Each structure stands twice: as structure tokens, then as C-alpha cells.
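Below is one structure, written out as C-alpha cells; comments come after it.
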Amino acid sequence: MTLNNLLKYLLVLIIILLAGWYFMTYEKVDRTVESDLGACNEPLSYRIGEIDSRFGISEEEVKEAMQMAVSLWSDAIDRPVAFYTEDGNIDVRFVYDERQEMIVGEMRFREQIESEQIRTDQIQREYETRRERFEQKSSEYERLASTTRNELNELNRWVREKNQNGGMTAAEEQLFLERKEEVESMQQRVLAERNELDQLADEINSYVDRLNNRIEESNELVDRYNEEYSGESRFTKATYRNTESGGMITVNQYLSKRDLYLVLAHELGHALGLVHGNDPASVMYSQMGNQEIYPIIQLSREDKRAIADKCR
């Protein structure tokens, strides 16, 4: 395996790594119902209703998530907007259907993609280790080969000089044999170093092939993910509607705890009488994906202005 072949493989790897890959997310507009509870006159009350066990979330965790949503809006107007009670007017329930089944499948798909990336990163690190070793050994090989050539040339020059001057004495012949043995030993070392370099080059090329295959498989997974879980195939995560007894927040889908916080904050906003905003960063925007949720969920200026206008 020549150095030119190695460089060819490295070039292929660089081209593939530049391709990149990404996730697409999209949320359909949820059904908007303007609340008639008069939330700004006095705090709303809510209760925890049906929670399908397939969500894997407890009533206490739902209370915690709702309290986060309540605090978000309460802090914006510096007074409480809602509180929990067992007979509250707003029923918060979790109904499991194909939407959550889809999100569970999506989470598993993401985990598979992440596992693929972990394995790819491991191969990448092993490749980098061998490449660094190859570069180091290549430098050592070049120095040894250069020194050996110089020693051989010097020995040949010395032999020619002795031959031109009538030959070697017995002592010089002994010296010649010693120097010849040293040069031959160096040549053997050069050959061994070259063989080791060739083996390293073969290993590196093997890792390049594995990396290329792994990256190709990862890109195929991402393409499948985007086909199955992006665009119009995404569903509304939750809804709010008025009822005879007050209102109802129905959660059908969420991806993570922070995702749930955002969903409940959005639906509580509807319960407070807010409609969809125009800023993609707003909690009350009709689509999810551009809101600020790290390190904490934050209301946008539009959200704060909307709740302030509603509850002035």
C-alpha cells in the first residue's frame, strides 16, 4: 500500500465528512379556542384528569409541569394566573393515541442515530490514533533511511578510496567487515520499519473504508428519519377547548420533559385567553421548534405584551 493510495483514501473521507447531516422538525397548528373563563379577573383553577399509563408519567410529574407553566405566565404579570385543586375548572389530561406512538418511535429512531454516531466517533478516534502513529513512524522511517543511505555511501566511498590506493590492510579489512555489518543491520531495520508502515497504512485504509460505510449508513438513517418524522406527517401535540364546567387541556404527544413544559405553557396561554402569536420564538406561536427552552423556557416580548394586554 503506497502513500499515494493512503492520501486517496483520506481525500474520500474528507469529502464525505463535509456532507453533514441534520434533523428537521415541524409542528402543525393546534386548534385555537379563545378561553371564556375570565382568567385575568381571578386565578384559574385546574385539576389533573386522565393520564394514560403508556405515557410513563405520574400525576406528581404532571403537577410539576403545570406549575412550571403557571409560574411562567404568573411571573410575567406579577400575580398568580392559576392554581391546582382537586375540583379545578380546567381538566388536564393525557390521552395516548397514534401521535404519542409516533413520538416514541421517533425517540427510538433518534437513539439509533445517536448510537450510530457514537460508533462512528469511536472509529474516527481509532483512525486518528493510527494516522498520528503512521505520521510519527513515517518521520522516523525517513530519518533512519536517510542515515542508512549516508552510511552506505560513506562506506562505498571509503572502499573505493582504499582500492585506488592499493587495497586494505588486515586491520582495515576487519574495520570494513564491522562497518558493513552495521550498515546491513541498519538496512534490516529500514526494511522492518517499511513493513510496519505498510501494515499501518493498510489498517488506516481499512478504518477509512469502515468510516465511509458508517457515515453512509448514518446518512441513510437520517434520510429515513426525515422522511418519516418531518413535514406534514407531524401532528398537533395538544389542544385546549372550553367545556361546560370550564376548560380542558388534552395532551396527546410530547418528546421530552422540556417539550411537555412548552406544550403545557402554550395550552395554558389559550386557557388564559391568548391567541397565536406571530413571532416563531414565542411560546404562543402556532409551531414549535424556535422557542427558547434552555436553560429554562422563556416568554418572548410578544408573549409578555400579549398577557399584559389581556390582564391590564
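Going through the C-alpha cells in order, the chains are called A, B, and so on, while each chain numbers its residues from 1 and the ligands are numbered from 1 in the order shown.
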Inset, instruction - Run DSSP on the backbone of this structure and report the residues of range 50-292 of chain A it assigns to strand (DSSP E or B), as an MDAnalysis selection string. - result: chainID A and resid 50:51 82:84 90:94 238:243 246:251 277 285
Write a file of the selected residues as a PDB file, in the first residue's frame, keeping C-alpha atoms.
```pdb
ATOM      1  CA  GLU A  50     -56.984  11.076  32.995  1.00  0.00           C
ATOM      2  CA  ILE A  51     -53.339  10.099  32.472  1.00  0.00           C
ATOM      3  CA  ALA A  82     -53.809  29.615  38.098  1.00  0.00           C
ATOM      4  CA  PHE A  83     -53.615  27.131  40.951  1.00  0.00           C
ATOM      5  CA  TYR A  84     -54.156  23.403  41.481  1.00  0.00           C
ATOM      6  CA  ILE A  90     -59.643  23.152  33.883  1.00  0.00           C
ATOM      7  CA  ASP A  91     -59.162  19.437  33.352  1.00  0.00           C
ATOM      8  CA  VAL A  92     -55.578  18.493  32.345  1.00  0.00           C
ATOM      9  CA  ARG A  93     -55.494  15.051  30.800  1.00  0.00           C
ATOM     10  CA  PHE A  94     -53.120  12.864  28.801  1.00  0.00           C
ATOM     11  CA  ALA A 238     -52.105  19.169  22.493  1.00  0.00           C
ATOM     12  CA  THR A 239     -55.356  21.145  22.414  1.00  0.00           C
ATOM     13  CA  TYR A 240     -57.364  23.448  24.620  1.00  0.00           C
ATOM     14  CA  ARG A 241     -61.142  23.766  24.446  1.00  0.00           C
ATOM     15  CA  ASN A 242     -63.863  25.287  26.554  1.00  0.00           C
ATOM     16  CA  THR A 243     -66.262  22.944  28.330  1.00  0.00           C
ATOM     17  CA  GLY A 246     -64.627  25.255  32.472  1.00  0.00           C
ATOM     18  CA  GLY A 247     -61.944  24.079  30.079  1.00  0.00           C
ATOM     19  CA  MET A 248     -59.876  21.083  29.060  1.00  0.00           C
ATOM     20  CA  ILE A 249     -56.203  20.731  28.122  1.00  0.00           C
ATOM     21  CA  THR A 250     -55.615  17.458  26.287  1.00  0.00           C
ATOM     22  CA  VAL A 251     -52.017  16.343  25.725  1.00  0.00           C
ATOM     23  CA  GLY A 277     -48.582  34.993  18.083  1.00  0.00           C
ATOM     24  CA  TYR A 285     -46.506  30.709  18.270  1.00  0.00           C
TER      25      TYR A 285
END
```
Inset, instruction - Using backbone DSSP assignments, extract all helix (DSSP H, G or I) residues from range 175-266 of chain A; output them as a PyMOL selection string. - result: chain A and resi 175-229+231-233+257-266
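Checking A:Arg214, A:Glu140, A:Asp279, A:Met284 one by one against Leu264 in chain A, counting only C-alpha atoms, you find the shortest gap at A:Met284.
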Inset, instruction - To one decimal in Å, tell me the separation between CA of Val275 in chain A and CA of Ser256 in chain A. - result: 24.4 Å
Inset, instruction - Would you please work out which residue, of A:Arg224, A:Gly273, A:Gln298, A:Lys257, is nearest to Ile113 in chain A when using only C-alpha atoms? - result: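 Closest to Ile113 in chain A, using only C-alpha atoms: A:Arg224.
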Legend entry - Selection near Asp309 in chain A, 10 Å with only C-alpha atoms, sequence-local residues under 6 positions removed, as an MDAnalysis selection string: chainID A and resid 77 274 303
Only C-alpha atoms, please: the residues just picked out, written as a PDB file, in the first residue's frame.
```pdb
ATOM      1  CA  ILE A  77     -47.735  39.900  35.195  1.00  0.00           C
ATOM      2  CA  LEU A 274     -54.329  34.274  24.431  1.00  0.00           C
ATOM      3  CA  ASP A 303     -45.827  36.748  24.816  1.00  0.00           C
TER       4      ASP A 303
END
```
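Distances here use only C-alpha atoms; by that measure, the residue among A:Leu255, A:Leu200, A:Met186, A:Val81 closest to Lys310 in chain A is A:Val81.
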